[in-house]
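Notes follow the structure.
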Amino acid sequence: PTACIRSRPPAWRSASDEDRRAGAPGRRRRARRDPRRRAARAAGVSPLISFDHSRRYGRHRILPSALLFRQHFARFHARYPWVTDFATWNEANYCGEITCHHPDVVAAYYHQMRAVCPSCKILGAELLDVPGMISWQHAFVRAARSNPYYWGLHNYVGANRFSSASTRMLLANTRGEIWFTETAGLVARRNHSSVHFPQSAAHAARVTQFIFSS
């Protein structure tokens with residue numbers, strides 16, 4: 001089994017700068033997270049680690065350089081060498097993310113991750129099934145000069161409209177595996193999204209049945 005875990009650094013800073021700043025708060029964060037990752041390993045769960053913007057206000061709109069991303073990824077990989085499944089960025093094509101207009105930067109992250117861990121399974125990105133998904137994926141492929149074998153898909157829109165069109169479109173434009181790293185029928189949401197569909201426990205149950213039967 002695989003579990004998807006987001007890794008959202010407190011601030012994308014240089015490794016040396018982060019060492020100076022982390023102190024006790026950094027140690028407390030690691031103390032909270034290490035038991036969960038050790039428990040996953042003990043249970044035979046292979047976590048999928050996906051990266052995201054900084055959770056620190058003022059830095060949440062800053063994209064790390066490819067070199068800085070590599071430094072953080074290398075430190076993570078050294079600390080958890082048994083974790084081998086990764087995604088470059090969460091919902092990288094969604095324009096609520098700073099990567100929306102920078103598929104070339106995400107492609108650079110992909111190459112850095114491949115360089116640090118050639119044997120790992122690296123998802124090119126986790127994509128949200130919104131308009132422009134395929135054009136973003138094409139731009140990534142052009143920048144990367146390769147089409148990754150693994151991609152992640154969050155098919156919320158398609159699933160909640162009982163449609164597999166977005167999944168089929170991505171399959172037609174990739175050459176390997178599509179992982180559903182997030183999917184669900186929605187009971188209720190409060191994120192002010194302009195995308196509308198029914199929301200209720202009954203709707204979520206029907207969507208869940210659709211996901212597992214389609």
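Going through the structure tokens in order, the chains are called A, B, and so on, while each chain numbers its residues from 1 and the ligands are numbered from 1 in the order shown.
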
Per-residue DSSP, range 50-195 of chain A, filtered to alpha helix (DSSP H), as a VMD selection string
chain A and resid 66 to 79 103 to 116 133 to 144 156 to 160 165 to 172

Could you produce a table of the residues of range 166-190 of chain A lying within 10 Å of range 127-137 of chain A, with the nearest pair of atoms per residue and their separation in Å rounded to one decimal, using only C-alpha atoms, ordered by chain and increasing residue number, as CSV?
residue,atom,partner,partner_atom,distance
A:Ser166,CA,A:Asp129,CA,6.0
A:Thr167,CA,A:Asp129,CA,8.1
A:Met169,CA,A:Ile134,CA,7.5
A:Leu170,CA,A:Ile134,CA,6.8
A:Ala172,CA,A:Ile134,CA,9.9
A:Asn173,CA,A:Ile134,CA,7.6
A:Thr174,CA,A:Gln137,CA,9.0
A:Phe180,CA,A:Leu127,CA,9.7
A:Thr181,CA,A:Leu127,CA,9.4
A:Glu182,CA,A:Leu128,CA,9.1
A:Thr183,CA,A:Leu128,CA,9.9

Pick out each residue of range 64-143 of chain A that DSSP on the backbone tags as strand (DSSP E); I need them as a PyMOL selection string.
chain A and resi 85-87+121-128

Taking into account only C-alpha atoms, which residue in the set A:Ser146, A:Ser193, A:Ile49, A:Met113 is nearest to Cys95 in chain A?
A:Ser193

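Taking only C-alpha atoms, the non-local environment of Phe212 in chain A within 12 Å (same-chain residues fewer than 6 positions away omitted) comprises Ala159, Phe162, Ser164, Phe180, Thr183, Ala184, Gly185, Ala205 and Arg206 of chain A.
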
Using only C-alpha atoms, can you tell me which of A:His192, A:His77, A:His154, A:Arg142 comes closest to Val106 in chain A?
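For Val106 in chain A, the nearest of the candidates is A:Arg142.
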
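In this comparison, which uses only C-alpha atoms, the residue of A:Ile122, A:Val157, A:Ala165, A:Ala143 approaching Thr88 in chain A most closely is A:Ile122.
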
Identify, on the basis of only C-alpha atoms, every residue whose closest approach to Ala202 in chain A does not exceed 10 Å; exclude the query and any residue fewer than 6 positions from it along the same chain; express the result as a PyMOL selection string.
chain A and resi 185-187+208

Using only C-alpha atoms, the residue out of A:Asn90, A:Gln71, A:Ser163, A:Thr99 with shortest distance to Ala125 in chain A is A:Asn90

Show me, as a PDB file with N, CA, C and O atoms, in the first residue's frame, the residues that have an atom within 8 Å of Ala66 in chain A when counting only C-alpha atoms, minus same-chain residues fewer than 2 positions from it.
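Output file selection_29.pdb follows:
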ATOM      1  N   PRO A  64      11.638  27.871  -4.841  1.00  0.00           N
ATOM      2  CA  PRO A  64      13.061  27.615  -4.637  1.00  0.00           C
ATOM      3  C   PRO A  64      13.777  27.382  -5.963  1.00  0.00           C
ATOM      4  O   PRO A  64      13.178  26.910  -6.929  1.00  0.00           O
ATOM      5  N   LEU A  68      18.554  24.735  -4.749  1.00  0.00           N
ATOM      6  CA  LEU A  68      18.036  24.703  -3.381  1.00  0.00           C
ATOM      7  C   LEU A  68      17.091  23.528  -3.194  1.00  0.00           C
ATOM      8  O   LEU A  68      17.121  22.848  -2.159  1.00  0.00           O
ATOM      9  N   PHE A  69      16.252  23.282  -4.185  1.00  0.00           N
ATOM     10  CA  PHE A  69      15.355  22.128  -4.126  1.00  0.00           C
ATOM     11  C   PHE A  69      16.172  20.844  -3.992  1.00  0.00           C
ATOM     12  O   PHE A  69      15.842  19.966  -3.186  1.00  0.00           O
ATOM     13  N   ARG A  70      17.233  20.750  -4.773  1.00  0.00           N
ATOM     14  CA  ARG A  70      18.085  19.556  -4.709  1.00  0.00           C
ATOM     15  C   ARG A  70      18.678  19.380  -3.311  1.00  0.00           C
ATOM     16  O   ARG A  70      18.738  18.258  -2.790  1.00  0.00           O
ATOM     17  N   VAL A 105      10.360  25.175 -14.331  1.00  0.00           N
ATOM     18  CA  VAL A 105      11.000  25.051 -13.018  1.00  0.00           C
ATOM     19  C   VAL A 105      10.711  23.672 -12.415  1.00  0.00           C
ATOM     20  O   VAL A 105      11.599  23.026 -11.859  1.00  0.00           O
ATOM     21  N   ALA A 108      12.860  21.176 -13.924  1.00  0.00           N
ATOM     22  CA  ALA A 108      14.210  21.214 -13.349  1.00  0.00           C
ATOM     23  C   ALA A 108      14.250  20.465 -12.022  1.00  0.00           C
ATOM     24  O   ALA A 108      15.217  19.743 -11.730  1.00  0.00           O
ATOM     25  N   TYR A 109      13.196  20.612 -11.208  1.00  0.00           N
ATOM     26  CA  TYR A 109      13.121  19.853  -9.952  1.00  0.00           C
ATOM     27  C   TYR A 109      13.142  18.346 -10.242  1.00  0.00           C
ATOM     28  O   TYR A 109      13.800  17.575  -9.536  1.00  0.00           O
ATOM     29  N   GLN A 112      16.578  17.178 -10.944  1.00  0.00           N
ATOM     30  CA  GLN A 112      17.397  17.172  -9.731  1.00  0.00           C
ATOM     31  C   GLN A 112      17.078  15.958  -8.859  1.00  0.00           C
ATOM     32  O   GLN A 112      17.976  15.320  -8.290  1.00  0.00           O
TER      33      GLN A 112
END

Counting only C-alpha atoms, closest pick from A:Glu97, A:His138, A:Arg168, A:Leu153 relative to Ser214 in chain A is A:Arg168
